[in-house]
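Note sheet for the following structure.
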Amino acid sequence: MKKETIIQGSLFEEDYLIRTLGSLGNSPEVALTELVANAWDAGATIVDIYIPEEKGLNLIIEDNGVGLSKDEFYSRWMKLGYNRLKHQGKKVLFPKGVDQQRYAYGRNGVGRHGMLCFNNEYKVITNNSGKKSEFTITTKSEKEPFIIKEQNFGTSEKGGTKLIVEVVKNLPKPEHILEVISARFLHDPNFKVSINRKTIQLEEHKGLIFSETVNIEDIELKIHLIDSKKARKSTLYQGIAFWQSGRLVGEPSWIVGFNMVLDGRTKQAKRYSVVVQTNDLAEFIKEDWTGFKNTKELNPIFDKVDETVHKMFSEIAKENIEETTKQIKNEYRKEYNELSPLGKYEFNEAIESIALNNPTARQDSVNLAVETVINLEKTRSGSELLQKLSLFSEEDVEGLNKLLDKWTVKDALTVLDEIDKRISVIEAIRKLSSDKSVDELHVLHPLIASARWIFGPEFDSPEYASNNQLQTTIEKVFNKKIDKSVFNNHKKRPDIVVAGDSTFSITGTVDFDTSNGITNINKVLIIELKRGGFKLGKTERNQAVGYVEDFMNCGTLIGSPYINAFVVGETFSEKIQPISKVSNGSDVEMGKVQICLFSQIVDSSERRLFNLRKRLNKRYDNASGMELFERQRKIVI
């Protein structure tokens, strides 16, 4: 078989490997944590790190692990993506004389490149079985991602590995590195890490949040909660670590006995760890120290640990409640802003309760609870429920009674009252609008004006109200003093103007200018209502356009409010356009006039109420228009 000829192999920039390492190549705390983890995997019990005060000097990491032979260095250190699990298994090999059990962190062989965080060249001195090997590693090669630049071999009476690098970038801060690394490897008291000859005892650690001593009969436990700040990507040794007489029992885990104290996928599980110190559990430990014996006598002990740890997390939740609430509000900003003031208050109470009573809940569970609270708050309002019901299919509407079974009586009454009120308005308008004898001032206009939702959802807001600025404008435009006595209960209704054969209701939204503290009219809604049976023509349309222009140029409204004017009648002339836009001298649209028919109002409102009027017609068929009007008037009053 003919040997295949290679025309051109791969070339590598000298910083290729560094650029592929991510945070390992530019974060000192990540790089040093990974290198300490390598020492853990090598069976070390002591790791000494020297960090210089300035760049240009050497950073040194030395451990007392098993070290590497020359051949092992070639096959392991120099292999990209070395699979430790495949070639060495999960268990750690210790130097002679060390009686411990440990599982390795290493999986993909990336951690050993941590020295490249400080320079693209470093030295490895490793001792194994009486032989010493020295290698200088560099990335300054186009042919390989990294190469052995120099090597020397000799003898040595000690074991372990020393790494040396001249720091030219990313100089670490010794105090910070000591705090981070000690927190991450604090679970095993027999693994000691020092930075510049300094170590941190558990009781002195800055990450120690809570400590509590508990007693169960003759057994004393000291339980410590530690904040490891930035957790390792691997969650192998996060959890609750039991120390019996200063020695680790088994592996740390969030499962204690039959209790899952914490879901390992939660952010708390990835940030915090727990140490339980005791001298009283020796009789319950397996001979090889891989864990506890399976005995029911341990159940109350594990239950007490579970209870205490949850209490500690509840205290953390209390301290962070403001931050937690702010974070949740920000995530659900749109939904939160749509709630009523009462709804917002109750939402805040609910979030506080969720955070305090379920401090270890997963984020997706918290999100589900928050969304449930928001939906419940929305259903407290009849209007919000109507909005939901408007999306129902015919089958959904028929199942309304089943849904009501799940609501409180108060909620059900709120919805039914709102539905009855709105359908009564539609029916009253439908039955009275063609009757020329009906008093539009005291009957038709109150119906229309009290139901602005007919003209669009944007007008169905408590922001629309009468105010002095608008009243002054009305008096100037219509050139007459408004007689409030001609209209009952005027304070709860829009301003009414009586002019010949028309009545006008005029309301506006107020916008508060935070820069100067002054309120301005933002929008104006004008409803001109003709008597029953009236046919609208060009004259009526143009007259309404004139009113809009007068409002624009009256000199009493600060700002430039947009004006919506509706002229309502029985029919309209086919010779006019039903919608006319009104612009100022700069050709900027400032408002519009719309011809609107009573029948159109009825049709539109029926659709807004998902045609429930047709389904409930028997309820209103026997009531006259005036009876429905009286019913509506009593509701408003």
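Each chain in the structure tokens gets a letter, A, B, ..., in the order shown, and its residues are numbered from 1; ligands are numbered from 1 in order too.
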
For the structure I just gave you, how does DSSP split stretch 538-610 of chain A - specifically, which residues are strand (DSSP E or B)? Reply as a ChimeraX atom specification.
/A:562-569,571-572,579-583,589-597

Within 8 Å of stretch 431-439 of chain A using only C-alpha atoms, minus same-chain residues under 3 positions, as a ChimeraX atom specification:
/A:427-428,442-444,531-533,570,598,624-626

Quick one: pull the distance between atom CA of A:Gln201 and atom CA of A:Pro300, Å, one decimal.
28.9 Å

Which residues come within 10 Å of stretch 133-141 of chain A, counting only C-alpha atoms, excluding same-chain residues fewer than 4 positions away, as a ChimeraX atom specification?
/A:11-18,67-70,73,78,113,115-116,119-128,145-156,161-165

Go ahead and save the picked residues with C-alpha atoms, as a PDB file, in the first residue's frame.
```
ATOM      1  CA  LEU A  11       1.025  25.859  11.779  1.00  0.00           C
ATOM      2  CA  PHE A  12       0.471  27.570  15.132  1.00  0.00           C
ATOM      3  CA  GLU A  13       0.834  31.147  16.323  1.00  0.00           C
ATOM      4  CA  GLU A  14       2.873  31.223  19.532  1.00  0.00           C
ATOM      5  CA  ASP A  15      -0.162  32.468  21.513  1.00  0.00           C
ATOM      6  CA  TYR A  16      -2.528  29.857  20.006  1.00  0.00           C
ATOM      7  CA  LEU A  17      -2.772  27.711  23.147  1.00  0.00           C
ATOM      8  CA  ILE A  18      -3.148  30.727  25.455  1.00  0.00           C
ATOM      9  CA  GLY A  67       5.414  13.482  40.736  1.00  0.00           C
ATOM     10  CA  LEU A  68       5.957  12.230  37.177  1.00  0.00           C
ATOM     11  CA  SER A  69       8.562  10.033  35.549  1.00  0.00           C
ATOM     12  CA  LYS A  70      10.136  11.143  32.263  1.00  0.00           C
ATOM     13  CA  PHE A  73       5.619  13.563  31.564  1.00  0.00           C
ATOM     14  CA  MET A  78       2.668  16.934  26.665  1.00  0.00           C
ATOM     15  CA  HIS A 113      -1.505  24.913  31.365  1.00  0.00           C
ATOM     16  CA  MET A 115       1.277  28.733  34.193  1.00  0.00           C
ATOM     17  CA  LEU A 116       0.652  30.234  30.741  1.00  0.00           C
ATOM     18  CA  ASN A 119       4.140  33.858  30.789  1.00  0.00           C
ATOM     19  CA  ASN A 120       4.346  31.822  27.587  1.00  0.00           C
ATOM     20  CA  GLU A 121       7.305  29.902  29.031  1.00  0.00           C
ATOM     21  CA  TYR A 122       7.748  28.083  32.369  1.00  0.00           C
ATOM     22  CA  LYS A 123       9.786  25.328  34.059  1.00  0.00           C
ATOM     23  CA  VAL A 124       8.645  21.997  35.536  1.00  0.00           C
ATOM     24  CA  ILE A 125      10.802  20.104  38.057  1.00  0.00           C
ATOM     25  CA  THR A 126       9.212  16.763  38.977  1.00  0.00           C
ATOM     26  CA  ASN A 127      10.486  13.890  41.145  1.00  0.00           C
ATOM     27  CA  ASN A 128       9.311  10.297  40.946  1.00  0.00           C
ATOM     28  CA  PRO A 145       1.017  24.473  20.236  1.00  0.00           C
ATOM     29  CA  PHE A 146       3.690  23.969  22.959  1.00  0.00           C
ATOM     30  CA  ILE A 147       7.056  22.206  23.085  1.00  0.00           C
ATOM     31  CA  ILE A 148       9.820  21.139  25.482  1.00  0.00           C
ATOM     32  CA  LYS A 149      12.532  23.741  24.969  1.00  0.00           C
ATOM     33  CA  GLU A 150      15.074  22.227  27.381  1.00  0.00           C
ATOM     34  CA  GLN A 151      15.293  19.129  29.595  1.00  0.00           C
ATOM     35  CA  ASN A 152      17.662  17.708  32.204  1.00  0.00           C
ATOM     36  CA  PHE A 153      17.581  14.504  34.266  1.00  0.00           C
ATOM     37  CA  GLY A 154      19.115  13.467  37.573  1.00  0.00           C
ATOM     38  CA  THR A 155      18.388  11.887  40.937  1.00  0.00           C
ATOM     39  CA  SER A 156      16.403  13.098  43.922  1.00  0.00           C
ATOM     40  CA  THR A 161       6.569  18.667  41.591  1.00  0.00           C
ATOM     41  CA  LYS A 162       7.744  22.286  41.428  1.00  0.00           C
ATOM     42  CA  LEU A 163       6.539  24.779  38.804  1.00  0.00           C
ATOM     43  CA  ILE A 164       8.465  28.002  38.183  1.00  0.00           C
ATOM     44  CA  VAL A 165       7.437  30.930  35.967  1.00  0.00           C
TER      45      VAL A 165
END
```

Nearest to A:Lys143: which of A:Gly257, A:Gln8, A:Ser27, A:Leu470 is it, counting only C-alpha atoms?
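Closest to A:Lys143 of all the choices is A:Gln8.
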
Exercise: stretch 325-331 of chain A partners within 10 Å, only C-alpha atoms, chain neighbours under 2 positions left out, as a PyMOL selection string
chain A and resi 320-323+333-337+347-352+355+366-367+370

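The closest residue to A:Ile46, picked from A:His176, A:Arg197, A:His445, A:Lys293 and counting only C-alpha atoms, is A:Arg197.
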
Using only C-alpha atoms, pick whichever of A:Tyr74, A:Met552, A:Asn58, A:Asp41 has the shortest atom-to-atom distance to A:Phe94.
A:Asp41

Please measure the separation of atom CA of A:Val593 and atom CA of A:Leu447, giving the value in Å to one decimal.
20.6 Å
